[in-house]
>>> print(open('entry.cif').read())   # mmCIF, C-alpha atoms
data_entry
loop_
_atom_site.group_PDB
_atom_site.id
_atom_site.type_symbol
_atom_site.label_atom_id
_atom_site.label_comp_id
_atom_site.auth_asym_id
_atom_site.auth_seq_id
_atom_site.Cartn_x
_atom_site.Cartn_y
_atom_site.Cartn_z
ATOM 1 C CA MET A 1 102.743 85.673 41.391
ATOM 2 C CA SER A 2 100.445 88.055 43.209
ATOM 3 C CA SER A 3 101.104 90.731 40.571
ATOM 4 C CA ASN A 4 99.924 88.242 37.944
ATOM 5 C CA ILE A 5 96.726 87.700 39.873
ATOM 6 C CA ARG A 6 96.287 91.446 40.161
ATOM 7 C CA LEU A 7 96.787 91.797 36.415
ATOM 8 C CA ILE A 8 94.214 89.059 35.654
ATOM 9 C CA ASN A 9 91.884 90.690 38.153
ATOM 10 C CA SER A 10 92.123 94.088 36.512
ATOM 11 C CA VAL A 11 91.558 92.568 33.063
ATOM 12 C CA ILE A 12 88.419 90.702 34.167
ATOM 13 C CA LYS A 13 87.098 93.834 35.844
ATOM 14 C CA ASN A 14 87.602 95.888 32.705
ATOM 15 C CA ARG A 15 84.201 97.352 31.938
ATOM 16 C CA TYR A 16 84.583 97.022 28.160
ATOM 17 C CA LEU A 17 85.463 93.342 28.479
ATOM 18 C CA LEU A 18 82.518 92.782 30.831
ATOM 19 C CA LEU A 19 80.263 94.540 28.335
ATOM 20 C CA VAL A 20 81.474 92.175 25.597
ATOM 21 C CA PHE A 21 80.912 89.157 27.874
ATOM 22 C CA ARG A 22 77.406 90.374 28.726
ATOM 23 C CA VAL A 23 76.337 90.993 25.144
ATOM 24 C CA VAL A 24 77.898 87.792 23.773
ATOM 25 C CA LEU A 25 76.267 85.693 26.508
ATOM 26 C CA GLY A 26 72.926 87.354 25.923
ATOM 27 C CA ALA A 27 73.125 86.844 22.164
ATOM 28 C CA VAL A 28 74.107 83.175 22.554
ATOM 29 C CA PHE A 29 71.191 82.533 24.900
ATOM 30 C CA ILE A 30 68.692 84.331 22.688
ATOM 31 C CA TYR A 31 69.923 82.364 19.678
ATOM 32 C CA ALA A 32 69.824 79.069 21.609
ATOM 33 C CA SER A 33 66.243 79.652 22.696
ATOM 34 C CA ILE A 34 64.713 80.317 19.266
ATOM 35 C CA HIS A 35 64.554 76.760 17.916
ATOM 36 C CA LYS A 36 63.415 75.464 21.284
ATOM 37 C CA ILE A 37 60.538 77.953 21.463
ATOM 38 C CA LEU A 38 59.546 77.177 17.870
ATOM 39 C CA ASP A 39 59.634 73.401 18.387
ATOM 40 C CA PRO A 40 59.204 72.486 22.069
ATOM 41 C CA GLY A 41 58.302 68.903 21.171
ATOM 42 C CA ALA A 42 61.673 68.279 19.535
ATOM 43 C CA PHE A 43 63.468 69.920 22.455
ATOM 44 C CA ALA A 44 61.560 67.705 24.909
ATOM 45 C CA GLU A 45 62.704 64.669 22.885
ATOM 46 C CA SER A 46 66.260 65.971 23.140
ATOM 47 C CA ILE A 47 65.952 66.230 26.928
ATOM 48 C CA ARG A 48 64.567 62.682 27.134
ATOM 49 C CA ASN A 49 67.587 61.387 25.204
ATOM 50 C CA TYR A 50 69.849 62.428 28.058
ATOM 51 C CA LEU A 51 68.019 59.899 30.283
ATOM 52 C CA LEU A 52 68.592 62.198 33.275
ATOM 53 C CA LEU A 53 65.079 63.447 34.070
ATOM 54 C CA PRO A 54 61.917 61.394 34.554
ATOM 55 C CA ALA A 55 60.155 61.361 31.156
ATOM 56 C CA LEU A 56 57.019 62.841 32.794
ATOM 57 C CA VAL A 57 58.635 66.230 33.471
ATOM 58 C CA THR A 58 60.571 66.593 30.200
ATOM 59 C CA ASN A 59 57.787 68.498 28.422
ATOM 60 C CA LEU A 60 57.492 70.896 31.328
ATOM 61 C CA VAL A 61 61.217 71.633 31.200
ATOM 62 C CA ALA A 62 61.032 72.074 27.420
ATOM 63 C CA ILE A 63 58.181 74.562 27.851
ATOM 64 C CA ILE A 64 59.897 76.611 30.570
ATOM 65 C CA LEU A 65 63.637 76.521 29.893
ATOM 66 C CA PRO A 66 63.740 78.361 26.519
ATOM 67 C CA TRP A 67 61.812 81.266 28.040
ATOM 68 C CA VAL A 68 64.234 81.573 30.923
ATOM 69 C CA GLU A 69 67.000 81.576 28.312
ATOM 70 C CA VAL A 70 65.422 84.203 26.081
ATOM 71 C CA VAL A 71 64.421 86.556 28.921
ATOM 72 C CA CYS A 72 67.865 86.384 30.546
ATOM 73 C CA GLY A 73 69.465 86.750 27.103
ATOM 74 C CA LEU A 74 67.498 89.913 26.331
ATOM 75 C CA PHE A 75 68.107 91.360 29.792
ATOM 76 C CA LEU A 76 71.836 90.697 29.477
ATOM 77 C CA VAL A 77 72.083 92.359 26.064
ATOM 78 C CA VAL A 78 70.297 95.551 27.127
ATOM 79 C CA GLY A 79 71.550 95.434 30.696
ATOM 80 C CA ILE A 80 68.514 94.937 32.879
ATOM 81 C CA PHE A 81 69.583 93.387 36.191
ATOM 82 C CA PRO A 82 72.681 92.005 34.433
ATOM 83 C CA ARG A 83 74.230 90.409 37.499
ATOM 84 C CA SER A 84 71.035 88.600 38.497
ATOM 85 C CA CYS A 85 70.581 87.335 34.953
ATOM 86 C CA ALA A 86 74.206 86.240 34.863
ATOM 87 C CA ALA A 87 73.502 84.281 38.058
ATOM 88 C CA VAL A 88 70.598 82.455 36.366
ATOM 89 C CA VAL A 89 72.683 81.820 33.253
ATOM 90 C CA SER A 90 75.607 80.542 35.350
ATOM 91 C CA ALA A 91 73.338 78.076 37.114
ATOM 92 C CA LEU A 92 71.977 76.869 33.751
ATOM 93 C CA LEU A 93 75.455 76.482 32.252
ATOM 94 C CA ALA A 94 76.629 74.544 35.310
ATOM 95 C CA ILE A 95 73.657 72.182 34.915
ATOM 96 C CA PHE A 96 74.202 71.841 31.146
ATOM 97 C CA SER A 97 77.879 70.982 31.504
ATOM 98 C CA ALA A 98 77.115 68.447 34.250
ATOM 99 C CA ALA A 99 74.533 66.808 31.960
ATOM 100 C CA LEU A 100 77.063 66.706 29.127
ATOM 101 C CA ILE A 101 79.810 65.217 31.297
ATOM 102 C CA ILE A 102 77.505 62.538 32.733
ATOM 103 C CA SER A 103 76.255 61.608 29.253
ATOM 104 C CA LEU A 104 79.747 61.483 27.773
ATOM 105 C CA ALA A 105 80.885 59.310 30.692
ATOM 106 C CA ARG A 106 77.962 56.973 30.036
ATOM 107 C CA GLY A 107 78.970 56.809 26.392
ATOM 108 C CA LEU A 108 75.672 58.172 25.101
ATOM 109 C CA ASP A 109 75.796 58.984 21.420
ATOM 110 C CA ILE A 110 73.102 61.667 21.465
ATOM 111 C CA ASP A 111 72.402 65.053 20.021
ATOM 112 C CA CYS A 112 73.304 68.034 22.212
ATOM 113 C CA GLY A 113 69.986 69.830 21.698
ATOM 114 C CA CYS A 114 71.881 72.993 22.626
ATOM 115 C CA PHE A 115 71.053 75.141 19.626
ATOM 116 C CA ASP A 116 68.867 73.203 17.233
ATOM 117 C CA SER A 117 66.463 71.048 19.293
ATOM 118 C CA GLY A 118 68.130 67.840 18.179
ATOM 119 C CA GLN A 119 68.142 67.836 14.400
ATOM 120 C CA GLY A 120 70.937 65.297 14.468
ATOM 121 C CA ASN A 121 73.946 67.441 13.643
ATOM 122 C CA GLU A 122 75.271 68.269 17.108
ATOM 123 C CA THR A 123 76.471 64.955 18.533
ATOM 124 C CA ILE A 124 77.862 65.674 21.986
ATOM 125 C CA GLY A 125 81.596 65.703 22.618
ATOM 126 C CA ILE A 126 84.212 67.190 24.908
ATOM 127 C CA LEU A 127 84.251 70.431 22.856
ATOM 128 C CA TYR A 128 80.679 71.074 23.984
ATOM 129 C CA VAL A 129 81.814 70.909 27.608
ATOM 130 C CA LEU A 130 84.653 73.355 26.913
ATOM 131 C CA ARG A 131 82.231 75.693 25.149
ATOM 132 C CA ASP A 132 79.957 75.566 28.201
ATOM 133 C CA TRP A 133 82.847 76.307 30.532
ATOM 134 C CA THR A 134 83.944 79.280 28.423
ATOM 135 C CA LEU A 135 80.432 80.706 28.637
ATOM 136 C CA LEU A 136 80.319 79.864 32.355
ATOM 137 C CA PHE A 137 83.542 81.808 32.919
ATOM 138 C CA MET A 138 82.009 84.785 31.134
ATOM 139 C CA SER A 139 78.751 84.640 33.074
ATOM 140 C CA VAL A 140 80.438 84.273 36.458
ATOM 141 C CA SER A 141 82.652 87.266 35.615
ATOM 142 C CA VAL A 142 79.569 89.339 34.788
ATOM 143 C CA MET A 143 77.773 88.091 37.904
ATOM 144 C CA VAL A 144 80.659 89.070 40.190
ATOM 145 C CA TYR A 145 82.186 92.147 38.545
ATOM 146 C CA ASP A 146 79.632 93.874 36.355
ATOM 147 C CA ARG A 147 79.042 97.466 37.451
ATOM 148 C CA GLY A 148 76.363 98.391 34.969
ATOM 149 C CA PHE A 149 78.404 99.968 32.176
ATOM 150 C CA LEU A 150 75.933 100.863 29.388
ATOM 151 C CA SER A 151 73.083 99.145 31.208
ATOM 152 C CA LEU A 152 69.426 100.154 31.296
ATOM 153 C CA ARG A 153 68.986 99.002 34.866
ATOM 154 C CA ARG A 154 72.300 98.474 36.626
ATOM 155 C CA GLU A 155 72.731 96.694 39.921
ATOM 156 C CA MET B 1 84.138 82.893 48.800
ATOM 157 C CA ARG B 2 82.531 84.579 45.846
ATOM 158 C CA LYS B 3 79.830 85.952 48.104
ATOM 159 C CA ALA B 4 82.341 87.642 50.392
ATOM 160 C CA LYS B 5 83.945 89.319 47.378
ATOM 161 C CA MET B 6 80.636 90.611 46.140
ATOM 162 C CA ASN B 7 79.690 92.066 49.471
ATOM 163 C CA THR B 8 82.887 93.998 49.933
ATOM 164 C CA LYS B 9 83.020 95.558 46.489
ATOM 165 C CA ASP B 10 79.604 96.983 45.890
ATOM 166 C CA ASN B 11 76.420 97.951 47.591
ATOM 167 C CA VAL B 12 74.000 95.454 46.085
ATOM 168 C CA PRO B 13 74.029 92.563 48.558
ATOM 169 C CA VAL B 14 74.424 89.069 47.160
ATOM 170 C CA THR B 15 71.088 88.053 48.657
ATOM 171 C CA THR B 16 69.388 90.709 46.522
ATOM 172 C CA ILE B 17 71.137 89.387 43.404
ATOM 173 C CA LEU B 18 70.064 85.823 44.176
ATOM 174 C CA THR B 19 66.482 86.835 45.014
ATOM 175 C CA ARG B 20 66.219 88.769 41.779
ATOM 176 C CA ALA B 21 67.736 85.828 39.894
ATOM 177 C CA ALA B 22 65.088 83.523 41.357
ATOM 178 C CA LEU B 23 62.307 86.000 40.506
ATOM 179 C CA ILE B 24 63.534 86.438 36.929
ATOM 180 C CA ALA B 25 63.663 82.657 36.490
ATOM 181 C CA LEU B 26 60.202 82.283 38.010
ATOM 182 C CA CYS B 27 58.561 85.030 35.942
ATOM 183 C CA SER B 28 60.069 83.836 32.672
ATOM 184 C CA SER B 29 58.935 80.293 33.522
ATOM 185 C CA LEU B 30 55.402 81.611 33.921
ATOM 186 C CA VAL B 31 55.667 83.324 30.529
ATOM 187 C CA GLY B 32 56.673 79.951 29.054
ATOM 188 C CA LEU B 33 53.776 78.161 30.749
ATOM 189 C CA LEU B 34 51.333 80.757 29.431
ATOM 190 C CA PHE B 35 52.818 80.827 25.936
ATOM 191 C CA ASN B 36 52.294 77.077 25.748
ATOM 192 C CA LEU B 37 48.537 77.703 25.886
ATOM 193 C CA VAL B 38 48.735 79.291 22.425
ATOM 194 C CA PRO B 39 47.765 76.512 20.008
ATOM 195 C CA PRO B 40 50.262 76.221 17.148
ATOM 196 C CA ARG B 41 53.246 75.509 19.365
ATOM 197 C CA SER B 42 51.683 73.950 22.420
ATOM 198 C CA ILE B 43 52.598 70.520 23.741
ATOM 199 C CA GLU B 44 51.234 68.529 26.682
ATOM 200 C CA TYR B 45 52.470 69.920 29.998
ATOM 201 C CA ILE B 46 53.034 66.409 31.300
ATOM 202 C CA TYR B 47 54.623 63.969 28.908
ATOM 203 C CA HIS B 48 52.809 60.694 28.337
ATOM 204 C CA PRO B 49 54.856 58.220 26.364
ATOM 205 C CA PRO B 50 52.854 56.837 23.423
ATOM 206 C CA ALA B 51 51.622 53.303 24.028
ATOM 207 C CA SER B 52 52.185 52.068 20.510
ATOM 208 C CA VAL B 53 53.476 52.965 17.081
ATOM 209 C CA THR B 54 51.923 52.128 13.706
ATOM 210 C CA LEU B 55 54.259 50.298 11.328
ATOM 211 C CA SER B 56 53.506 49.053 7.849
ATOM 212 C CA GLY B 57 53.006 45.492 9.141
ATOM 213 C CA GLY B 58 50.733 46.442 12.043
ATOM 214 C CA GLU B 59 50.737 48.057 15.454
ATOM 215 C CA ALA B 60 53.809 47.632 17.688
ATOM 216 C CA ARG B 61 53.509 48.397 21.375
ATOM 217 C CA LEU B 62 56.191 50.534 23.005
ATOM 218 C CA ALA B 63 57.916 49.427 26.201
ATOM 219 C CA ASP B 64 59.822 51.672 28.598
ATOM 220 C CA VAL B 65 62.799 50.435 30.569
ATOM 221 C CA ALA B 66 60.651 49.267 33.512
ATOM 222 C CA GLU B 67 58.353 47.219 31.277
ATOM 223 C CA ALA B 68 61.318 45.802 29.393
ATOM 224 C CA TYR B 69 62.941 44.696 32.641
ATOM 225 C CA ASP B 70 59.689 43.159 33.807
ATOM 226 C CA ILE B 71 59.519 41.080 30.630
ATOM 227 C CA PHE B 72 63.192 40.175 31.031
ATOM 228 C CA GLN B 73 62.739 39.015 34.636
ATOM 229 C CA LYS B 74 59.672 36.939 33.889
ATOM 230 C CA GLY B 75 61.271 35.507 30.767
ATOM 231 C CA ALA B 76 58.085 36.577 29.024
ATOM 232 C CA GLY B 77 59.697 37.540 25.728
ATOM 233 C CA VAL B 78 62.664 37.234 23.401
ATOM 234 C CA PHE B 79 64.902 40.306 23.165
ATOM 235 C CA ILE B 80 66.241 41.174 19.742
ATOM 236 C CA ASP B 81 69.196 43.510 19.362
ATOM 237 C CA ALA B 82 68.704 45.395 16.097
ATOM 238 C CA ARG B 83 72.026 47.228 16.182
ATOM 239 C CA SER B 84 75.119 46.274 14.200
ATOM 240 C CA ARG B 85 76.993 43.083 15.083
ATOM 241 C CA ASP B 86 79.902 45.160 16.419
ATOM 242 C CA HIS B 87 77.691 46.998 18.864
ATOM 243 C CA TYR B 88 76.128 43.694 19.880
ATOM 244 C CA LYS B 89 79.525 42.174 20.608
ATOM 245 C CA LYS B 90 80.585 45.138 22.713
ATOM 246 C CA GLY B 91 77.552 44.689 24.945
ATOM 247 C CA HIS B 92 73.891 43.733 24.740
ATOM 248 C CA ILE B 93 70.951 42.849 26.943
ATOM 249 C CA LYS B 94 71.682 39.469 28.517
ATOM 250 C CA GLY B 95 70.272 36.710 26.371
ATOM 251 C CA ALA B 96 69.294 38.993 23.471
ATOM 252 C CA LEU B 97 69.601 37.660 19.927
ATOM 253 C CA SER B 98 71.421 39.673 17.289
ATOM 254 C CA LEU B 99 69.403 40.674 14.237
ATOM 255 C CA PRO B 100 71.084 43.744 12.701
ATOM 256 C CA ALA B 101 68.541 45.860 10.826
ATOM 257 C CA TYR B 102 71.095 46.842 8.200
ATOM 258 C CA ASP B 103 72.420 43.308 7.671
ATOM 259 C CA ILE B 104 69.247 41.387 8.276
ATOM 260 C CA ASP B 105 69.838 38.509 5.864
ATOM 261 C CA SER B 106 72.894 37.299 7.750
ATOM 262 C CA SER B 107 70.904 36.124 10.745
ATOM 263 C CA LEU B 108 67.217 36.305 9.872
ATOM 264 C CA GLU B 109 66.853 32.585 9.273
ATOM 265 C CA SER B 110 68.534 31.489 12.484
ATOM 266 C CA VAL B 111 66.580 34.015 14.547
ATOM 267 C CA LEU B 112 63.262 33.042 12.973
ATOM 268 C CA SER B 113 63.941 29.410 13.827
ATOM 269 C CA VAL B 114 63.610 30.183 17.545
ATOM 270 C CA LEU B 115 60.676 32.597 17.346
ATOM 271 C CA SER B 116 57.074 31.569 17.220
ATOM 272 C CA PRO B 117 54.253 33.879 16.119
ATOM 273 C CA GLU B 118 52.664 33.857 19.580
ATOM 274 C CA LYS B 119 55.856 34.509 21.511
ATOM 275 C CA LEU B 120 56.463 38.113 22.561
ATOM 276 C CA VAL B 121 59.411 39.741 20.799
ATOM 277 C CA VAL B 122 61.075 42.900 22.160
ATOM 278 C CA THR B 123 63.301 44.807 19.740
ATOM 279 C CA TYR B 124 65.734 47.526 20.754
ATOM 280 C CA CYS B 125 68.635 49.595 19.428
ATOM 281 C CA SER B 126 70.749 52.434 20.813
ATOM 282 C CA GLY B 127 68.034 54.782 22.058
ATOM 283 C CA VAL B 128 65.197 56.938 20.792
ATOM 284 C CA GLU B 129 67.277 58.441 18.001
ATOM 285 C CA CYS B 130 67.958 55.118 16.260
ATOM 286 C CA ASP B 131 65.503 53.460 13.889
ATOM 287 C CA GLU B 132 66.823 49.876 13.772
ATOM 288 C CA SER B 133 64.396 48.563 16.402
ATOM 289 C CA HIS B 134 61.495 49.922 14.334
ATOM 290 C CA LYS B 135 62.850 48.456 11.099
ATOM 291 C CA VAL B 136 63.281 44.986 12.596
ATOM 292 C CA ALA B 137 59.841 45.172 14.231
ATOM 293 C CA GLU B 138 58.382 46.100 10.865
ATOM 294 C CA ILE B 139 60.065 43.196 9.047
ATOM 295 C CA LEU B 140 58.967 40.688 11.693
ATOM 296 C CA MET B 141 55.388 41.978 11.517
ATOM 297 C CA GLN B 142 55.355 41.645 7.763
ATOM 298 C CA LEU B 143 56.479 38.053 8.255
ATOM 299 C CA GLY B 144 53.443 37.465 10.440
ATOM 300 C CA TYR B 145 54.792 37.984 13.943
ATOM 301 C CA GLN B 146 52.229 40.233 15.606
ATOM 302 C CA ASN B 147 53.230 40.097 19.272
ATOM 303 C CA ILE B 148 55.954 42.705 19.058
ATOM 304 C CA MET B 149 57.141 45.414 21.386
ATOM 305 C CA ILE B 150 59.731 48.103 20.763
ATOM 306 C CA PHE B 151 61.901 49.032 23.728
ATOM 307 C CA ALA B 152 62.478 52.579 22.477
ATOM 308 C CA THR B 153 65.001 53.967 24.956
ATOM 309 C CA GLY B 154 66.956 50.809 24.200
ATOM 310 C CA PHE B 155 70.399 49.728 25.259
ATOM 311 C CA PRO B 156 71.586 53.045 26.795
ATOM 312 C CA ALA B 157 68.593 53.115 29.153
ATOM 313 C CA TRP B 158 69.090 49.439 30.023
ATOM 314 C CA GLN B 159 72.767 49.966 30.745
ATOM 315 C CA THR B 160 72.160 53.147 32.738
ATOM 316 C CA ALA B 161 69.616 51.313 34.882
ATOM 317 C CA GLY B 162 72.287 48.733 35.669
ATOM 318 C CA TYR B 163 70.340 45.759 34.299
ATOM 319 C CA PRO B 164 72.104 42.558 33.150
ATOM 320 C CA VAL B 165 74.353 42.979 30.148
ATOM 321 C CA GLU B 166 76.704 40.566 28.424
ATOM 322 C CA THR B 167 79.395 40.895 25.781
ATOM 323 C CA GLY B 168 80.566 38.702 22.922
ATOM 324 C CA ASP B 169 78.663 36.611 20.416
ATOM 325 C CA GLY B 170 75.918 35.766 22.860
ATOM 326 C CA ARG B 171 73.711 32.749 22.639
ATOM 327 C CA LYS B 172 73.406 31.170 19.244
ATOM 328 C CA PRO B 173 69.828 30.789 18.225
#
>>> encode(input="entry.cif", output="structure tokens")
Amino acid sequence: MSSNIRLINSVIKNRYLLLVFRVVLGAVFIYASIHKILDPGAFAESIRNYLLLPALVTNLVAIILPWVEVVCGLFLVVGIFPRSCAAVVSALLAIFSAALIISLARGLDIDCGCFDSGQGNETIGILYVLRDWTLLFMSVSVMVYDRGFLSLRRE
Amino acid sequence: MRKAKMNTKDNVPVTTILTRAALIALCSSLVGLLFNLVPPRSIEYIYHPPASVTLSGGEARLADVAEAYDIFQKGAGVFIDARSRDHYKKGHIKGALSLPAYDIDSSLESVLSVLSPEKLVVTYCSGVECDESHKVAEILMQLGYQNIMIFATGFPAWQTAGYPVETGDGRKP
């Protein structure tokens, strides 16, 4: 049992695997931010559909959030403060998956707004939660174990 | 637990990581706030829901969930559920009449018999992404009913707020 844990541990700490995690996470976040930056109004509408935040602040979130995503995404890809960025990304993913779970539990039939600012082809489902958790696992691994392999500014 | 691990295995303390994380989030937020000043892609910093929407039959006012509940409590208007009959049966705003936008002929006559042109009508469907409430509002306006509101966040918002809901065929007009 403990040897299994040690094996898993050594796999997660593998610097090549952590590099893959870092770059994939960064690329996903950069990609996710593009549509939101190009059309903040549609993204704000997407946020309102979740019925979780007061409508007043939804524009503000739609203005800010994509930039946090794109900056952390870029920093993760090139390796600038990768662990700190992974911490930000982990917090975001935890919030996103909570929002998805609450909305699914409430039976909301809404668009995810994850990648395309709510164009109507991403209706939320349990797969979206699993996708979030996969990314969350990757970002927590980077946050805890990354040692700056091929990074511009390691930490 | 995670913090303890971090501290023992490297020399960057977890507090430094978290401080940097907060600073990165803060600085990129500021970039976003500034970028929003650039015209082509800027939106209002604070969202103000539009007060009304222009339909082909006239101007329909928009109600949020608080206004809708106020009307409900005071009995100041008739609620019309514009979703399909199946959705209506599974649950609708208490006392709402069913007038499905995509099967309007089936119940238009019976619904019209209880409406009067002066009486406030509130239409709703399953949230901001659906268009049935707008369609029904439009049809009623073309028929001469001008006192119409659209409750845009619709049934999901009503249900989430915990306001009265009923199931089944509801009251027959």
>>> interface_residues(input="entry.cif", of="chain B", to="chain A", cutoff="6 Å", atoms="all atoms listed in the file", output="JSON, numbers by chain")
{"B": [17, 20, 21, 25, 28, 29, 32, 45, 46, 47]}
>>> closest_residue(input="entry.cif", among="B:Val65, B:Leu97, B:Gly58, B:Ile80", to="Leu143 of chain B", atoms="all atoms listed in the file")
B:Gly58
>>> resolve_selection(input="entry.cif", expression="the PyMOL selection byres ((chain B and resi 155) around 9)", output="list in words")
Asp81, Gly91, His92, Ile93, Tyr124, Cys125, Ser126, Gly127, Phe151, Ala152, Thr153, Gly154, Pro156, Ala157, Trp158, Gln159 and Thr160 of chain B
>>> closest_residue(input="entry.cif", among="B:Gly77, B:Pro39, B:Pro164, B:Pro49", to="Val114 of chain B", atoms="all atoms listed in the file")
B:Gly77
>>> residues_around(input="entry.cif", residues="Gly95 of chain B", least_positions_apart="4", cutoff="12 Å", atoms="only C-alpha atoms", output="list of chain:residue names")
B:Phe72, B:Gln73, B:Gly75, B:Gly77, B:Val78, B:Phe79, B:Ile80, B:Asp81, B:Tyr88, B:Gly91, B:Val122, B:Pro164, B:Val165, B:Glu166, B:Thr167, B:Gly168, B:Asp169, B:Gly170, B:Arg171, B:Lys172, B:Pro173
>>> axis_aligned_box(input="entry.cif", around="segment 68-74 of chain A", padding_each_side="6 Å", output="AutoDock Vina command-line options")
--center_x 66.8 --center_y 85.7 --center_z 28.5 --size_x 17.2 --size_y 20.3 --size_z 16.8
>>> residues_around(input="entry.cif", residues="Leu19 of chain A", least_positions_apart="2", cutoff="10 Å", atoms="only C-alpha atoms", output="ChimeraX atom specification")
/A:14-17,21-25,76-77,79,142,146-151
>>> atom_distance(input="entry.cif", atom1="atom CA of Ala68 of chain B", atom2="atom CA of His87 of chain B")
19.5 Å
>>> atom_distance(input="entry.cif", atom1="atom CA of Ser97 of chain A", atom2="atom CA of Leu33 of chain B")
25.2 Å
>>> atom_distance(input="entry.cif", atom1="atom CA of Val14 of chain B", atom2="atom CA of Ser33 of chain A")
27.5 Å
>>> closest_residue(input="entry.cif", among="A:Ile12, A:Leu7, A:Ala42, A:Ala32", to="Glu129 of chain B", atoms="all atoms listed in the file")
A:Ala42
>>> residues_around(input="entry.cif", residues="Gly57 of chain B", least_positions_apart="4", cutoff="6 Å", atoms="all atoms listed in the file", output="list in words")
Glu138, Met141 and Gln142 of chain B
>>> closest_residue(input="entry.cif", among="A:Phe137, A:Val20, A:Arg154, A:Thr123", to="Val12 of chain B", atoms="all atoms listed in the file")
A:Arg154
>>> closest_residue(input="entry.cif", among="B:Ala82, B:Ser106, B:Tyr163, B:Leu115", to="Cys130 of chain B", atoms="all atoms listed in the file")
B:Ala82
>>> resolve_selection(input="entry.cif", expression="the PyMOL selection byres ((chain B and resi 112) around 10)", output="list in words")
Leu99, Ser107, Leu108, Glu109, Ser110, Val111, Ser113, Val114, Leu115, Ser116, Pro117, Leu140, Leu143, Tyr145 and Pro173 of chain B
>>> build_atoms(input="entry.cif", residues="segment 9-23 of chain B", atoms="N, CA and C atoms", output="mmCIF file, in the coordinates of the input")
data_model
loop_
_atom_site.group_PDB
_atom_site.id
_atom_site.type_symbol
_atom_site.label_atom_id
_atom_site.label_comp_id
_atom_site.auth_asym_id
_atom_site.auth_seq_id
_atom_site.Cartn_x
_atom_site.Cartn_y
_atom_site.Cartn_z
ATOM 1 N N LYS B 9 82.662 94.669 47.585
ATOM 2 C CA LYS B 9 83.020 95.558 46.489
ATOM 3 C C LYS B 9 81.868 96.400 45.947
ATOM 4 N N ASP B 10 80.698 96.179 46.407
ATOM 5 C CA ASP B 10 79.604 96.983 45.890
ATOM 6 C C ASP B 10 78.494 97.043 46.925
ATOM 7 N N ASN B 11 77.454 97.791 46.582
ATOM 8 C CA ASN B 11 76.420 97.951 47.591
ATOM 9 C C ASN B 11 75.190 97.083 47.373
ATOM 10 N N VAL B 12 75.122 96.370 46.256
ATOM 11 C CA VAL B 12 74.000 95.454 46.085
ATOM 12 C C VAL B 12 74.361 94.135 46.764
ATOM 13 N N PRO B 13 73.652 93.784 47.847
ATOM 14 C CA PRO B 13 74.029 92.563 48.558
ATOM 15 C C PRO B 13 73.746 91.319 47.715
ATOM 16 N N VAL B 14 74.534 90.283 47.954
ATOM 17 C CA VAL B 14 74.424 89.069 47.160
ATOM 18 C C VAL B 14 73.036 88.444 47.312
ATOM 19 N N THR B 15 72.423 88.625 48.475
ATOM 20 C CA THR B 15 71.088 88.053 48.657
ATOM 21 C C THR B 15 70.085 88.717 47.712
ATOM 22 N N THR B 16 70.270 90.013 47.464
ATOM 23 C CA THR B 16 69.388 90.709 46.522
ATOM 24 C C THR B 16 69.567 90.142 45.111
ATOM 25 N N ILE B 17 70.838 89.945 44.733
ATOM 26 C CA ILE B 17 71.137 89.387 43.404
ATOM 27 C C ILE B 17 70.451 88.022 43.263
ATOM 28 N N LEU B 18 70.618 87.179 44.274
ATOM 29 C CA LEU B 18 70.064 85.823 44.176
ATOM 30 C C LEU B 18 68.541 85.833 44.193
ATOM 31 N N THR B 19 67.948 86.737 44.995
ATOM 32 C CA THR B 19 66.482 86.835 45.014
ATOM 33 C C THR B 19 65.957 87.279 43.656
ATOM 34 N N ARG B 20 66.635 88.306 43.105
ATOM 35 C CA ARG B 20 66.219 88.769 41.779
ATOM 36 C C ARG B 20 66.379 87.661 40.756
ATOM 37 N N ALA B 21 67.490 86.922 40.839
ATOM 38 C CA ALA B 21 67.736 85.828 39.894
ATOM 39 C C ALA B 21 66.580 84.825 39.958
ATOM 40 N N ALA B 22 66.179 84.492 41.190
ATOM 41 C CA ALA B 22 65.088 83.523 41.357
ATOM 42 C C ALA B 22 63.786 84.086 40.778
ATOM 43 N N LEU B 23 63.538 85.381 41.017
ATOM 44 C CA LEU B 23 62.307 86.000 40.506
ATOM 45 C C LEU B 23 62.293 86.053 38.976
#
